[in-house]
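Heads up, the thing below is written out as structure tokens.
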Amino acid sequence: MDAGPVRTYLGVPLYRPKVAFFEFSSCEGCQLQLLNNESALLDFLALVEVVNFREAMKEKADDYEIAFVEGSITRSDEVERLKDIRSKAKILVALGSCACFGGVNQLKNRFSLDWVKKEVYGNSPVETEPVRPLEDVVKVDLKIFGCPVKKEEVERIVTNIAIGKAVVHPKYPICTECKANENICLFDLGEPCLGPITRGGCDSWCPNNRFGCWGCRGPAEDANVEQMKKIMKEYGFSEDTILDRLECFGGFSAFADALRKSGEKNRGTSA
Amino acid sequence: MSAERRIDLDNKLKFTDIISEAPQKQHRKSDLSTFEYTYKAEITNIHRLTEMENLYRIQIIDTEERRQFIFQPGQFLMLELPGIGEAPFSISSSPARHGDVELCIRKAGNLTNFLSRVGRGTHVGIRGPFGTSFPMEKMHGQNILLIAGGLGLAPLRAAISYAQDNRSRFNSVDIIYGAKDPSQLLFTYQYEMWRADDIGLSIIVDKPDLLWKGPVGLVTKILEQMFSERGETFFKSTYAIVCGPPVMFKFVCNMLNQKDIPMQKMFVSLERRMHCGMGKCCRCNVGSTYTCLNGPVFDYWTVMNLKEAI
Amino acid sequence: MIFRVFDKEELKRLFDIMVSGNKVVGPVEIARDRNGKPLFAFNEVDSFNDMKLDYTTTKIPAKRYFLPFKEDLATFNVDVDGWQKKVDYNINEPFIFFGLHACDINALNKLDKVLMGSVYPMPYYAAKRKNMFIVGIDCTPQPYCFCRSMGTDTALHGFDMFITDIGERYFVEILSATAYNFLKGIRTAEPIEADHIHYMKVASEKNKKFTAHVDTTDLTKILDMEFQSDVWKQWGEKCLACGSCSKVCPTCYCYGVEETVDINLRGAKKTKMLYSCNLIDFAQVAGGHNFRPERHVRLKYRYYHKHRGFVEAYEESLCVGCGRCGEACLANITVPEVIASVRGEEN
Amino acid sequence: MKVDCNINIHHLARVEGHGNIRIKIHDGELQEAKWEVVETPRFFEAILVGKKWDNAPWICGRICGICSIGHTLASIRAVENAFGITPTSQTQKLRLLLKHMETLQSHILHLYFLSAPDFLNAGSVFPLIKSHPDIVIKAAGIKKLANDMCDCIGGRRMHPTRPVVGGFTMLPDKKELIKFRERLQDVINGLLFTAELFRTFNIPDFVRETEFVSLKGDENYPFIGGGLISTDGVAKKEQEYKQMTNEYIVSQSTSKWSRLSRRSFAVGALARINNNFEFLHPAAREVSLSFGLKPLNHNPYMNNIAQLVECVHVVNESLGLIEELLDSEWTEPRQEVVPQKGTGVGAVEVPRGILYHCYEFDEAGHIVKCDCVIPTSQNHANIQHDLEELAVRYASEGMKDRNIGLLAEMLVRSYDPCISCSVH
Ligand SMILES: Cc1cc2nc3c(=O)[nH]c(=O)nc-3n(C[C@H](O)[C@H](O)[C@H](O)COP(=O)(O)OP(=O)(O)OC[C@H]3O[C@@H](n4cnc5c(N)ncnc54)[C@H](O)[C@@H]3O)c2cc1C
Ligand code: SF4
Ligand code: SF4
Ligand code: SF4
């Protein structure tokens with residue numbers, strides 16, 4: 001795609017960065033969210049120059065400034081490929097929960113690798129490593145949370161990058177947005193929800209649909225997880241349910257690990 | 001739908017009228033249309049002061065509006081760049097110049113960084129002026145002591161300009177100015193002019209560089225000196241204006257208080273996040289006091305009584 | 001004030017007259033909670049039977065019709081030559097609010113003081129508030145209601161008419177000419193002595209039903225004295241800092257502003273979003289300094305603003321005792337308990 | 001006669017996931033023709049062990065970003081079958097409607113964004129934005145409608161939030177459905193435009209005898225649950241899916257492979273049409289016939305056309321479903337779920353073919369064993385065998401490597417493989 005005339009905003013010339021998209025172990029859904037972005041796709045392409053997007057295009061170039069990287073790291077060849085991307089990119093963006101926290105993939109880490117391999121591939125050899133988020137391997141400059149990422153948020157972030165505005169994530173939890181959306185609180189309906197401790201920004205996507213939050217965006221700033229656990233218990237949710245939510249996407253892994261350790265029931269190793 | 005059943009707006013206001021009038025309306029307090037009314041202004045000059053601070057000269061485009069824009073030293077305005085942000089800035093120039101103001105702005109975030117990238121001729125939006133001011137008139141016939149730390153010199157400069165413009169109305173006028181290091185000193189080109197206008201100026205830096213010949217330390221050090229140089233009676237007829245980080249003005253004010261300057265004769269300027277400038281958004285509240293309405297200039301007695309002020 | 005009475009079946013006729021030419025918002029049941037109890041909200045209604053006039057407090061207050069959670073303060077057209085700012089106060093067509101409780105009307109009266117009564121009135125609010133015709137209705141105190149302690153269990157103004165069920169008939173207080181005209185459409189009568197007696201009986205019955213109380217005696221002073229008290233820390237430990245209390249509070253009005261550039265760079269928006277002083281970055285300033293970094297300090301701040309600061313400025317508290325915040329709080333932090341603990345009345 | 005050919009395509013573009021194509025012919029002898037799947041496995045089947053039943057649809061939907069709705073529905077069906085829950089007819093209709101919209105959006109994505117560039121000589125859809133804006137705008141319009149409708153019924157277009165075991169957390173507003181009914185009418189025109197566009201494309205004429213597996217329709221063109229059938233005459237029940245899939249492990253692929261009556265079989269739109277042609281909506285059947293597509297068709301490239309035909313089918317059927325939903329009173333969105341010990345299978349036709357989820361539960365409703373068989377895994381072996389034959393055939397006709405490479409790529413893309421999904 002050609003660059004077109006230099007654009008300006010309030011007289012300030014804008015930089016049209018070359019961007020590339022890459023994926024590691026993931027469902028590729030976060031990238032797809034961009035293609036799902038029918039109405040703003042053209043504007044999006046005017047802001048950035050896409051030079052590499054395997055899911056959508058055949059052309060590829062190694063000359064890029066911003067790398068959007070989706071997926072978690074689960075194999076040694078991925079480590080190498082990621083380091084290579086890091087060395088070429090000025091800004092490396094972790095796109096989605098897998099890249100930020102390991103995503104659902106990291107649930108694998110509850111088990112021994114041997115057991116996992118055997119359960120799925122029997123005795124055939126297969127290579128795999130414990131699941132890691134990108135930042136465990138390389139430096140990550142910016143994270144875009146969510147499973148999947150929200151296209152409005154990606155749009156806003158890309159616009160901000162183009163005009164040189166800082167990307168600031170909400171520090172407050174989902175509840176703040178949920179209440180503004182006038183939802184019925186799921187706790188009133190007897191459903192669990194991690195809204196009080198999960199970082200806002202998705203505009204309470206799940207609770208808007210009467211579906212409790214699973215914490216895909218990781219903890220809000222200064223999240224009161226201890227109190228949350230107490231509340232869940234008071235509402236009659238089992239430790240299993242609390243753990244299921246906390247461990248699902250990896251954002252709360254430190255809390256989930258602690259909870260798993262404290263619980264007598266060690267579901268992971270019993271299998 | 002029968003006409004008589006519709007709600008008759010009887011004594012209720014019809015707001016459509018106000019909106020259509022809004023753009024022509026001059027800025028009047030207590031008028032509904034002033035809330036989001038911005039003066040369109042142009043950046044006519046940008047002067048780089050240091051690595052971090054620029055001085056922007058901003059002129060309201062409409063001459064009539066410019067004439068009507070009257071402010072007092074210590075007041076601030078809200079400066080807006082569409083889509084980038086809006087933030088409060090103290091007016092840093094002489095009140096005599098009405099709607100042709102200077103703002104000394106430090107790069108601190110979105111708006112201020114973007115401002116450092118725009119060029120002359122850029123249009124900005126201005127709301128204001130807002131807030132309380134240094135009661136300059138009350139100080140007539142007295143000594144004034146202007147103490148600034150770092151960026152605190154920005155709001156102080158409006159008071160200094162006032163003192164320059166009205167030098168004969170004050171007894172002695174002294175500035176004590178402290179900065180981290182010599183490279184961060186603001187308005188260096190004006191120091192001689194101030195001195196020429198019979199304004200005492202002492203500058204102190206915390207971390208000197210090789211060329212620095214002046215005193216080294218904190219503003220309190222100069223203040224100590226001043227205490228020993230000037231007699232007790234000097235402080236009896238002195239007003240102080242202190243601008244700078246909270247830790248600094250807390251120390252300075254307490255020292256001045258020991259020299260028996262009453263707390264009501266010391267003025268400080270507080271800084272909080274602000275969105276409206278009009279006492280609505282509550283972001284600037286200290287306790288229940290609005291920094292934008294009841295401040296930003298407070299006498300030190302009030303500040304002492306505000307919980308969480310410092 | 002003009003009083004009338006009318007028969008029960010006339011209420012529906014009154015509603016029909018109103019709805020035939022106007023948009024009407026009223027209380028409706030939106031779901032049942034996990035214990036089977038109904039949950040209510042204010043929604044647009046077209047038929048009398050859709051409303052539940054015996055509703056208990058709605059989870060979300062009426063505030064959203066006057067002070068939306070999110071509202072564009074201005075939009076901009078941006079092009080190479082510069083920009084134009086467009087301001088729209090988002091005035092609704094006038095509409096009728098049918099069945100607001102006294103506490104919620106009082107909440108609007110309090111908001112009026114800040115948002116309309118001060119030096120800079122807020123046109124976005126005023127436009128909506130002034131264009132709203134309000135029909136108040138009496139209520140039954142719930143276990144969490146402490147409006148009586150806050151002096152907001154009856155509304156003296158801020159509505160057009162207020163309807164009280166006095167047994168066989170409705171008793172109506174009329175405050176506006178428009179209301180008077182509406183009532184001409186149905187059969188009403190001058191109240192007789194018996195009606196007044198019934199009215200007073202209903203009122204005193206209602207008073208007996210309050211179970212939650214807040215002792216407001218000398219509260220401003222006590223709050224000042226207990227500023228450093230450790231009880232705040234205990235509440236801070238429980239607090240989730242989610243801001244739900246402020247969002248559901250009919251009188252919380254603090255907001256944040258965000259400016260965004262459209263993805264096509266041809267426009268921009270200045271959007272206001274109701275914020276909460278309990279959220280972590282409420283008091284953060286440029287440079288990153290946070291004046292209230294701890295949960296308990298922020299929680300305390302909310303109580304200071306409502307029960308001390310506002311009293312100082314307006315001689316009344318900014319709480320109407322509706323109990324919504326306590327009901328919405330998952331950590332069970334309720335106003336009566338917090339105030340009691342600050343007064344040292346707990347345990 | 002051309003005797004040598006050497007093709008090496010690393011990380012094939014415009015498919016979901018990572019796969020390589022390698023073809024080597026020396027002296028007229030096929031040395032190697034390989035469809036390699038190098039995607040990293042994520043071990044979903046192991047991940048789920050020990051999890052409570054309500055995790056299954058939520059986590060399993062994340063096997064794939066493109067067909068997450070299909071995965072969610074298959075997973076829900078498996079859990080419901082294990083617990084003996086029969087969804088209400090309202091739930092069934094809404095699920096089918098949701099499914100249809102996913103099919104529509106996925107097929108359109110494939111047809112326009114992944115497949116069409118091949119026929120229009122472009123590397124991606126991006127240059128088409130300039131050269132063929134009308135096409136891109138049409139495609140985006142259809143996709144947007146489908147996605148918007150998924151948002152409305154499923155909560156969101158990807159990793160849906162409303163469909164749960166027992167029904168839905170929330171029902172759409174009927175007023176919304178009325179609006180969608182209108183927009184769907186417009187889409188019919190868009191699809192006719194698409195048909196005209198594809199008529200101008202030169203679909204390679206390559207035929208290889210293949211067995212096709214899909215759900216079996218009874219009265220309707222099948223999408224959710226029911227019997228299993230193959231064009232070679234095999235018929236099985238849903239819970240006997242393992243006898244249909246016969247998964248085995250191969251070294252060239254981290255995805256498992258499948259076989260039935262022959263060395264390999266195919267699933268997907270073409271398989272569904274080959275097995276259930278008579279149940280297609282008449283309008284869809286008409287489009288199909290206009291392309292000369294009728295059972296049994298053995299040209300894998302025709303899967304593109306089969307997808308187009310299905311688009312016409314789902315749009316027409318959705319209009320009917322909306323009508324039925326609008327005519328009925330909404331009932332409770334969700335049934336109560338009581339977990340019980342047992343095993344359940346859910347077979348669902350997702351855009352790329354038949355998908356199976358199977359879970360075994362303990363008394364408390366915790367997953368003991370989990371198995372997911374993905375359509376693309378079932379196709380891998382068939383892709384491999386198609387490639388072998390294609391390479392030999394075209395090499396012997398003297399075609400240039402570059403062109404064989406392109407045809408090979410197009411072949412793989414025709415299957416619309418969802419590779420990360422197949423590896424899961
Ligand atoms: C009365 C008054 C007078 C002032 N006078 C002057 C003056 O004369 N000169 C001057 O330079 N400054 C002055 N200031 C300070 C000035 O207002 C701030 O520097 C300005 O608001 C910065 O705006 P910004 O958009 O550049 O920064 P922002 O982008 O708002 O960022 C400021 C800080 O807040 C943080 N932040 C940004 N967005 C968020 C968010 N959404 N959530 C949480 N944290 C966030 C950032 O980390 C950053 O550190 C004054 C302030 C007041 C109140
Ligand atoms: S549903 Fe969840 S996010 Fe919403 S208010 Fe309740 S706990 Fe918070
Ligand atoms: S509500 Fe929770 S789980 Fe849902 S998208 Fe937002 S953060 Fe993720
Ligand atoms: S503080 Fe709580 S009780 Fe008081 S008005 Fe607000 S929500 Fe109601």
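Lettering and numbering for the structure tokens are positional, with chains as A, B, ... in the shown order, residues counted from 1 in each chain, and ligands counted from 1 in the shown order.
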Got a sec: who's within 6 Å of range 128-145 of chain A, counting only C-alpha atoms, leaving out chain neighbours fewer than 4 positions off, as an mmCIF file with N, CA and C atoms, in the first residue's frame?
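Listing of part12.cif after writing:
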```
data_model
loop_
_atom_site.group_PDB
_atom_site.id
_atom_site.type_symbol
_atom_site.label_atom_id
_atom_site.label_comp_id
_atom_site.auth_asym_id
_atom_site.auth_seq_id
_atom_site.Cartn_x
_atom_site.Cartn_y
_atom_site.Cartn_z
ATOM 1 N N SER A 72 0.752 -16.834 22.730
ATOM 2 C CA SER A 72 1.729 -17.072 23.787
ATOM 3 C C SER A 72 2.846 -17.959 23.252
ATOM 4 N N ILE A 73 3.883 -18.094 24.056
ATOM 5 C CA ILE A 73 5.075 -18.827 23.620
ATOM 6 C C ILE A 73 5.058 -20.219 24.230
ATOM 7 N N THR A 74 5.055 -21.239 23.360
ATOM 8 C CA THR A 74 4.942 -22.600 23.879
ATOM 9 C C THR A 74 5.958 -23.565 23.273
ATOM 10 N N ARG A 75 6.862 -23.055 22.433
ATOM 11 C CA ARG A 75 7.827 -23.959 21.810
ATOM 12 C C ARG A 75 9.107 -23.195 21.509
ATOM 13 N N ILE A 91 8.572 -0.805 18.310
ATOM 14 C CA ILE A 91 7.569 -0.977 19.361
ATOM 15 C C ILE A 91 6.979 -2.375 19.212
ATOM 16 N N LEU A 92 7.000 -3.123 20.289
ATOM 17 C CA LEU A 92 6.401 -4.445 20.243
ATOM 18 C C LEU A 92 5.140 -4.417 21.105
ATOM 19 N N VAL A 93 4.028 -4.722 20.455
ATOM 20 C CA VAL A 93 2.747 -4.676 21.152
ATOM 21 C C VAL A 93 2.249 -6.089 21.384
ATOM 22 N N ALA A 94 1.945 -6.414 22.628
ATOM 23 C CA ALA A 94 1.345 -7.711 22.932
ATOM 24 C C ALA A 94 -0.154 -7.562 22.703
ATOM 25 N N LEU A 95 -0.678 -8.350 21.771
ATOM 26 C CA LEU A 95 -2.076 -8.202 21.370
ATOM 27 C C LEU A 95 -2.903 -9.337 21.962
ATOM 28 N N GLY A 96 -3.706 -9.014 22.923
ATOM 29 C CA GLY A 96 -4.635 -9.998 23.481
ATOM 30 C C GLY A 96 -4.099 -10.744 24.692
ATOM 31 N N SER A 97 -5.002 -11.424 25.367
ATOM 32 C CA SER A 97 -4.657 -12.079 26.626
ATOM 33 C C SER A 97 -3.569 -13.138 26.492
ATOM 34 N N ALA A 99 -1.002 -13.166 24.541
ATOM 35 C CA ALA A 99 0.285 -12.486 24.480
ATOM 36 C C ALA A 99 0.613 -11.794 25.798
ATOM 37 N N CYS A 100 -0.413 -11.262 26.449
ATOM 38 C CA CYS A 100 -0.183 -10.517 27.691
ATOM 39 C C CYS A 100 0.027 -11.441 28.897
ATOM 40 N N PHE A 101 -0.779 -12.504 28.966
ATOM 41 C CA PHE A 101 -0.736 -13.341 30.185
ATOM 42 C C PHE A 101 -0.589 -14.837 29.914
ATOM 43 N N GLY A 102 -0.605 -15.247 28.665
ATOM 44 C CA GLY A 102 -0.622 -16.683 28.371
ATOM 45 C C GLY A 102 -1.994 -17.155 27.937
ATOM 46 N N GLN A 106 -2.352 -21.057 29.032
ATOM 47 C CA GLN A 106 -1.534 -21.269 30.220
ATOM 48 C C GLN A 106 -2.184 -22.212 31.224
ATOM 49 N N ASN A 109 -0.259 -25.178 32.128
ATOM 50 C CA ASN A 109 0.811 -25.167 33.130
ATOM 51 C C ASN A 109 0.393 -25.760 34.469
ATOM 52 N N ARG A 217 -8.912 -9.489 31.078
ATOM 53 C CA ARG A 217 -8.023 -8.329 30.952
ATOM 54 C C ARG A 217 -7.049 -8.211 32.110
#
```
(request) Grab me every residue within 6 Å of ligand 1, counting only C-alpha atoms and all ligand atoms, and send it over as number ranges by chain. (result) A: 168; B: 76, 85, 87-90, 104-106, 108-113, 154-155, 271-273, 296; C: 281, 284-288
Would you mind exporting C-alpha atoms of the selected residues as a PDB file, in the first residue's frame?
```pdb
ATOM      1  CA  VAL A 168      -3.369   4.988  29.007  1.00  0.00           C
TER       2      VAL A 168
ATOM      3  CA  PHE B  76      -5.694  30.320  35.329  1.00  0.00           C
ATOM      4  CA  GLY B  85      -7.014  17.369  25.779  1.00  0.00           C
ATOM      5  CA  ALA B  87      -5.900  21.420  30.988  1.00  0.00           C
ATOM      6  CA  PRO B  88      -5.536  24.304  33.399  1.00  0.00           C
ATOM      7  CA  PHE B  89      -2.580  26.683  33.091  1.00  0.00           C
ATOM      8  CA  SER B  90      -1.740  29.716  35.150  1.00  0.00           C
ATOM      9  CA  CYS B 104       4.674  28.781  30.524  1.00  0.00           C
ATOM     10  CA  ILE B 105       4.008  25.123  29.954  1.00  0.00           C
ATOM     11  CA  ARG B 106       5.952  22.088  31.007  1.00  0.00           C
ATOM     12  CA  ALA B 108       3.906  16.535  31.416  1.00  0.00           C
ATOM     13  CA  GLY B 109       1.476  14.469  29.374  1.00  0.00           C
ATOM     14  CA  ASN B 110      -0.739  14.338  26.352  1.00  0.00           C
ATOM     15  CA  LEU B 111      -1.774  17.906  25.842  1.00  0.00           C
ATOM     16  CA  THR B 112       1.487  19.464  26.904  1.00  0.00           C
ATOM     17  CA  ASN B 113       3.553  17.125  24.743  1.00  0.00           C
ATOM     18  CA  ALA B 154       5.063  30.686  35.969  1.00  0.00           C
ATOM     19  CA  PRO B 155       2.070  31.956  37.985  1.00  0.00           C
ATOM     20  CA  GLU B 271      -2.579  22.210  41.800  1.00  0.00           C
ATOM     21  CA  ARG B 272      -5.055  19.420  41.130  1.00  0.00           C
ATOM     22  CA  ARG B 273      -6.480  17.600  38.169  1.00  0.00           C
ATOM     23  CA  PRO B 296      -6.122  27.946  43.124  1.00  0.00           C
TER      24      PRO B 296
ATOM     25  CA  ASP C 281      -6.704   7.644  39.833  1.00  0.00           C
ATOM     26  CA  GLN C 284      -3.871  11.766  40.371  1.00  0.00           C
ATOM     27  CA  VAL C 285      -2.270  14.832  38.805  1.00  0.00           C
ATOM     28  CA  ALA C 286       0.227  15.510  36.052  1.00  0.00           C
ATOM     29  CA  GLY C 287       3.576  14.061  36.918  1.00  0.00           C
ATOM     30  CA  GLY C 288       1.886  11.036  38.411  1.00  0.00           C
TER      31      GLY C 288
END
```
May I have the residues of chain A within 6 Å of chain D, counting only C-alpha atoms, written as an mmCIF file with N, CA, C and O atoms, in the first residue's frame?
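Contents of the output file part.cif:
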```
data_model
loop_
_atom_site.group_PDB
_atom_site.id
_atom_site.type_symbol
_atom_site.label_atom_id
_atom_site.label_comp_id
_atom_site.auth_asym_id
_atom_site.auth_seq_id
_atom_site.Cartn_x
_atom_site.Cartn_y
_atom_site.Cartn_z
ATOM 1 N N SER A 25 1.175 -19.142 19.554
ATOM 2 C CA SER A 25 0.098 -20.066 19.916
ATOM 3 C C SER A 25 -1.158 -19.298 20.341
ATOM 4 O O SER A 25 -1.163 -18.635 21.372
ATOM 5 N N CYS A 27 -5.652 -18.485 18.997
ATOM 6 C CA CYS A 27 -6.761 -18.810 18.099
ATOM 7 C C CYS A 27 -6.799 -17.842 16.928
ATOM 8 O O CYS A 27 -7.681 -17.923 16.085
ATOM 9 N N GLU A 28 -5.876 -16.895 16.875
ATOM 10 C CA GLU A 28 -5.803 -15.866 15.843
ATOM 11 C C GLU A 28 -7.017 -14.955 15.837
ATOM 12 O O GLU A 28 -7.262 -14.220 14.891
ATOM 13 N N GLY A 29 -7.774 -15.003 16.889
ATOM 14 C CA GLY A 29 -8.994 -14.209 16.955
ATOM 15 C C GLY A 29 -8.718 -12.726 17.076
ATOM 16 O O GLY A 29 -9.458 -11.912 16.530
ATOM 17 N N GLU A 38 -15.167 -3.943 9.899
ATOM 18 C CA GLU A 38 -15.587 -3.517 8.564
ATOM 19 C C GLU A 38 -15.630 -2.000 8.384
ATOM 20 O O GLU A 38 -15.076 -1.469 7.436
ATOM 21 N N ARG A 54 -0.014 -12.094 7.771
ATOM 22 C CA ARG A 54 -0.125 -13.353 7.065
ATOM 23 C C ARG A 54 -1.559 -13.868 6.951
ATOM 24 O O ARG A 54 -1.950 -14.476 5.968
ATOM 25 N N GLU A 55 -2.345 -13.577 7.977
ATOM 26 C CA GLU A 55 -3.698 -14.098 7.942
ATOM 27 C C GLU A 55 -4.504 -13.454 6.814
ATOM 28 O O GLU A 55 -5.484 -14.007 6.358
ATOM 29 N N ALA A 56 -4.052 -12.263 6.351
ATOM 30 C CA ALA A 56 -4.842 -11.565 5.340
ATOM 31 C C ALA A 56 -4.094 -11.321 4.051
ATOM 32 O O ALA A 56 -4.688 -11.029 3.032
ATOM 33 N N MET A 57 -2.767 -11.387 4.075
ATOM 34 C CA MET A 57 -2.046 -11.019 2.860
ATOM 35 C C MET A 57 -0.801 -11.853 2.632
ATOM 36 O O MET A 57 -0.209 -12.392 3.547
ATOM 37 N N LYS A 58 -0.431 -11.930 1.340
ATOM 38 C CA LYS A 58 0.674 -12.766 0.931
ATOM 39 C C LYS A 58 1.981 -11.991 0.987
ATOM 40 O O LYS A 58 3.016 -12.529 1.344
ATOM 41 N N GLU A 59 1.913 -10.694 0.626
ATOM 42 C CA GLU A 59 3.118 -9.879 0.627
ATOM 43 C C GLU A 59 3.659 -9.817 2.044
ATOM 44 O O GLU A 59 2.915 -9.752 3.010
ATOM 45 N N ASN A 105 -4.348 -20.774 27.107
ATOM 46 C CA ASN A 105 -3.268 -21.759 26.883
ATOM 47 C C ASN A 105 -2.524 -22.089 28.168
ATOM 48 O O ASN A 105 -2.075 -23.202 28.371
ATOM 49 N N LEU A 107 -3.446 -22.586 30.997
ATOM 50 C CA LEU A 107 -4.076 -23.565 31.890
ATOM 51 C C LEU A 107 -3.305 -24.879 31.846
ATOM 52 O O LEU A 107 -3.345 -25.682 32.771
ATOM 53 N N LYS A 108 -2.605 -25.066 30.731
ATOM 54 C CA LYS A 108 -1.762 -26.253 30.576
ATOM 55 C C LYS A 108 -0.723 -26.334 31.680
ATOM 56 O O LYS A 108 -0.358 -27.426 32.114
ATOM 57 N N VAL A 116 0.473 -34.017 29.944
ATOM 58 C CA VAL A 116 -0.257 -33.288 28.912
ATOM 59 C C VAL A 116 -0.021 -33.909 27.541
ATOM 60 O O VAL A 116 -0.940 -34.163 26.774
ATOM 61 N N ASN A 209 -24.037 -8.703 28.692
ATOM 62 C CA ASN A 209 -24.792 -9.828 28.162
ATOM 63 C C ASN A 209 -25.210 -10.797 29.260
ATOM 64 O O ASN A 209 -25.416 -11.983 29.011
ATOM 65 N N ARG A 210 -25.311 -10.287 30.460
ATOM 66 C CA ARG A 210 -25.663 -11.106 31.629
ATOM 67 C C ARG A 210 -24.763 -12.308 31.773
ATOM 68 O O ARG A 210 -25.205 -13.421 32.070
#
```
(message) Residues contacting ligand 2 - anything with an atom at most 9 Å away, using only C-alpha atoms and all ligand atoms - can you give me those as a PyMOL selection string?
(response) (chain A and resi 173-179+181-189+191-198+204+206-208+210-213) or (chain C and resi 242+244+328-330)
(message) With only C-alpha atoms as the counted atoms, please give the residues lying no more than 7 Å from range 10-17 of chain A, apart from itself and same-chain residues fewer than 3 positions off, as a PyMOL selection string.
(response) (chain A and resi 6-7+47-49+65-66+162-163) or (chain B and resi 117-118+122) or (chain C and resi 80+82)
(message) Would you compute the distance between CA of His281 in chain D and CA of Thr103 in chain D? Give it in Å to one decimal.
(response) 15.2 Å
(request) Could you pull out the residues in range 100-249 of chain D that DSSP calls strand (DSSP E or B) from the backbone, as a PyMOL selection string? (result) chain D and resi 124+163-164+167-168+211-215+224+228-230+235-236+248
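For the atom pair formed by CA of Ala102 in chain C and CA of Met1 in chain C, the distance is 16.5 Å, given to one decimal.
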(request) Calculate how many Å separate CA of Ile7 in chain D from CA of Pro125 in chain A, rounding to one decimal. (result) 27.4 Å
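Checking A:Ala89, A:Ala166, A:Ala20, A:Leu41 one by one against chain B, counting only C-alpha atoms, you find the shortest gap at A:Ala166.
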(request) Kindly indicate which residue among D:Glu409, D:Asp4, D:Glu332, D:Glu209 lies nearest to chain C, using only C-alpha atoms for the distances. (result)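 Nearest to chain C: D:Glu332.
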(request) Name the residues in contact with range 234-236 of chain A at a cut-off of 8 Å, using only C-alpha atoms, excluding same-chain residues fewer than 3 positions from it; report them as an MDAnalysis selection string. (result) chainID A and resid 187 190 230:231
(request) Taking the DSSP assignment computed from this structure's backbone, write out as a ChimeraX atom specification all residues of range 22-209 of chain C that belong to alpha helix (DSSP H). (result) /C:102-115,123-130,147-150,177-184,193-208
(message) Using only C-alpha atoms and all ligand atoms, which residues have at least one atom no more than 9 Å from ligand 4? Output them as a ChimeraX atom specification.
(response) /C:61,103-104,107,144-147,150,245-252,302-303,306-307,317-328,334-336
(request) Please provide the set of residues having any atom within 9 Å of range 260-263 of chain C, restricted to only C-alpha atoms, with same-chain residues fewer than 3 positions apart removed, written as number ranges by chain. (result) A: 40, 43-44, 47, 155-156, 158-160, 163; B: 82-85; C: 266-271
Output file for the residues above (C-alpha atoms, as a PDB file, in the first residue's frame):
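Final file, again-v4.pdb:
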```pdb
ATOM      1  CA  ALA A  40     -13.260   1.557  10.074  1.00  0.00           C
ATOM      2  CA  ASP A  43      -9.418   4.604   8.003  1.00  0.00           C
ATOM      3  CA  PHE A  44      -7.282   2.199   9.934  1.00  0.00           C
ATOM      4  CA  LEU A  47      -3.219   5.596   9.654  1.00  0.00           C
ATOM      5  CA  GLU A 155      -8.746   1.569  17.003  1.00  0.00           C
ATOM      6  CA  ARG A 156      -8.335   4.116  19.738  1.00  0.00           C
ATOM      7  CA  VAL A 158      -3.751   2.898  16.946  1.00  0.00           C
ATOM      8  CA  THR A 159      -5.147   6.399  16.516  1.00  0.00           C
ATOM      9  CA  ASN A 160      -3.280   7.476  19.607  1.00  0.00           C
ATOM     10  CA  ILE A 163      -1.069  11.169  16.569  1.00  0.00           C
TER      11      ILE A 163
ATOM     12  CA  PRO B  82      -9.466  19.294  20.111  1.00  0.00           C
ATOM     13  CA  GLY B  83      -9.148  15.569  20.646  1.00  0.00           C
ATOM     14  CA  ILE B  84      -5.881  15.936  22.502  1.00  0.00           C
ATOM     15  CA  GLY B  85      -7.014  17.369  25.779  1.00  0.00           C
TER      16      GLY B  85
ATOM     17  CA  ARG C 266     -11.541  14.512  10.727  1.00  0.00           C
ATOM     18  CA  GLY C 267     -13.269  14.904  14.023  1.00  0.00           C
ATOM     19  CA  ALA C 268     -12.765  14.826  17.728  1.00  0.00           C
ATOM     20  CA  LYS C 269     -14.896  14.459  20.786  1.00  0.00           C
ATOM     21  CA  LYS C 270     -14.877  15.713  24.308  1.00  0.00           C
ATOM     22  CA  THR C 271     -16.704  13.210  26.429  1.00  0.00           C
TER      23      THR C 271
END
```
